[in-house]
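One structure below.
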Amino acid sequence: MEFTILSPVSAPTVNPKERMEVDGEEVHLVNPGETVTTDQQFMRGHGTYTDGENTVISSVAGAVERVNKLLSVRPLKTRYTPEIGDIVVGRITEVAMKRWKVDVSSKQDAMLLLSSVNLPGGVQRRKNEADELQMRQFFSEGDVLVAEVQQFYQDGTMGLHTRGFKFCKLRNGSFVCVPPVLVQRCKSQFHSLPCGVQVILGLNGYIWVHKKFDESVGDENDASTYYSDVNDDITSDERQDIARVSNCISALAKQYMHINDTIVIYTYEASMAYSVKELLQLDVIEQITREASLRMHSD
């Protein structure tokens, strides 16, 4: 039986100088093993290595960034790298002895100590064995909460705390996950949108979109405000607004655009011409994000 060995089909020619637009800015995207530069005046940074011949080569797939003479490659997708003071949204994965383990989209779970949470009623005292026995009344597996990065331990684990009225168990909303590199640092990660929806932009890429808290229902010392897992009554219009904002954030993430409160508002306003379900279509995503980007650059 005769057979013929054919040569591989040639791949289409790619222009090495081709750029991709991200948020209206041209960025240079590289693949692992691709040469970034052969100019000897540049130094290599994170995400690069050298072959010994003054050639800077990318070790990850991402965008080339330059700071003076330093070249680095920022990965397009990466785990969250925490810093002290960051506001993060996390999910309880385990209740251990005097601590909770929290998934924050990092290399390892964060730690929330029993001594780092507020007691019901705002009581200021040392935690005892009775508090340890009722830890699941505070947070149990699967609960979503917002916290602040307080410290780092010797093994690299981050320590969280929830002292403060704005740090509590989350309810009355929807959870959205985006790449952490897209969430921009703002003066505050807690935002109230004109549509009556509140958004918590966790710097770890976890975002919580929820109904506006009714301050007349509870106060700062009310235990139900912190640890209740029962949703309030949510009207149909409020559900529509929450779903629309969530889809707008997902649309920005699919287009790899930076996420902050301003562009979320612009995307929401551009999406009013479509139904909530239509916001999942690719052509609609491209249209509303393009309009939001143009408004951002015109301001």
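Starting from 1 in every chain, residues are counted up; chains themselves are A, B, ... following the order of the structure tokens, and ligands are numbered from 1 as listed.
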
Residue contacts of segment 246-252 of chain A (8 Å, only C-alpha atoms) excluding same-chain residues fewer than 3 positions away, as a compact mmCIF listing (two decimals) with C-alpha atoms, in the first residue's frame:
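Generated file (result_10.txt):
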# COMPACT_ATOMS: atom_id res chain seq x y z
CA SER A 174 -24.87 38.49 42.84
CA PHE A 175 -21.26 37.28 42.63
CA VAL A 176 -19.07 38.12 39.61
CA CYS A 177 -15.53 36.82 39.02
CA VAL A 178 -13.08 38.69 36.75
CA VAL A 209 -23.27 43.44 43.12
CA ILE A 242 -28.51 43.72 39.71
CA ALA A 243 -28.46 41.31 36.75
CA GLN A 255 -13.25 42.65 26.36
CA TYR A 256 -10.32 42.82 28.78
CA MET A 257 -11.05 46.38 29.86
CA HIS A 258 -10.13 47.89 33.21
CA ILE A 259 -13.02 47.95 35.67
CA VAL A 264 -19.41 50.42 34.93
CA THR A 267 -21.56 50.54 30.28
CA TYR A 268 -24.81 50.32 32.22
CA SER A 271 -26.86 48.74 27.85
CA VAL A 276 -30.63 41.84 30.22
CA LEU A 279 -26.15 41.53 27.08
CA LEU A 280 -24.73 38.00 26.83
CA ILE A 285 -20.95 43.18 24.34
CA THR A 289 -18.11 48.39 25.74

task: Mind checking which residues fall within 9 Å of Glu291 of chain A, counting only C-alpha atoms, ignoring those fewer than 5 positions away in the same chain, and posting them as a PyMOL selection string?
output: chain A and resi 266-267+270+286+296

task: Enumerate the residues of segment 40-209 of chain A with a DSSP assignment of helix (DSSP H, G or I), computed from the backbone, and present them as a ChimeraX atom specification.
output: /A:114-116,120-122,129-133,135-138,180-182

- prompt: Residues of segment 85-219 of chain A in strand (DSSP E) according to DSSP, as a VMD selection string?
  reply: chain A and resid 87 to 96 99 to 103 110 to 113 144 to 152 158 to 161 173 to 177 190 to 192 197 to 201 206 to 211

message: Just the number, please: distance in Å from atom CA of Tyr206 of chain A to atom CA of Thr235 of chain A, one decimal.
response: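 Computing it gives 24.6 Å between the two atoms.
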
- request: Excluding Asn260 of chain A and residues on its chain fewer than 6 positions from it, collect all residues at most 9 Å away from it, counting only C-alpha atoms, and give them as an MDAnalysis selection string.
  value: chainID A and resid 182:186 189 201

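Distance annotation: of A:Ala110, A:Ala63, A:Pro32, A:Asp261, the residue with the minimal separation from Tyr153 of chain A is A:Ala110; atom set is only C-alpha atoms.
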
- request: Would you mind reading off the distance between atom CA of Gly85 of chain A and atom CA of Ser188 of chain A, one decimal, in Å?
  value: 11.3 Å

message: Let me make sure I understand: among A:Gln151, A:Ser192, A:Gln137, A:Asn31, which one has the smallest atom-to-atom distance to Gly62 of chain A if we use only C-alpha atoms?
response: A:Asn31

Segment 39-48 of chain A surroundings by only C-alpha atoms, 12 Å radius, close-in-sequence under 5 positions cut, as JSON, numbers by chain: {"A": [30, 31, 32, 33, 34, 53, 54, 55, 56, 57, 58, 59, 60, 61, 62, 63, 64, 65, 66, 67, 68, 69, 70, 71, 72, 73, 74, 75, 76, 78]}

message: What's around Asp155 of chain A at 12 Å? Count only C-alpha atoms, leave out sequence neighbours fewer than 6 positions away in its own chain, and write the answer as a VMD selection string.
response: chain A and resid 107 to 111

message: So, with only C-alpha atoms as the atoms that count, which of A:Ala96, A:Met135, A:Ile87, A:Leu29 lies closest to Phe167 of chain A?
response: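 Of A:Ala96, A:Met135, A:Ile87, A:Leu29, the one nearest Phe167 of chain A, counting only C-alpha atoms, is A:Ile87.
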
- prompt: Which value, in Å to one decimal, gives the distance between atom CA of Val284 of chain A and atom CA of Thr262 of chain A?
  reply: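 Interatomic distance here is 19.6 Å.
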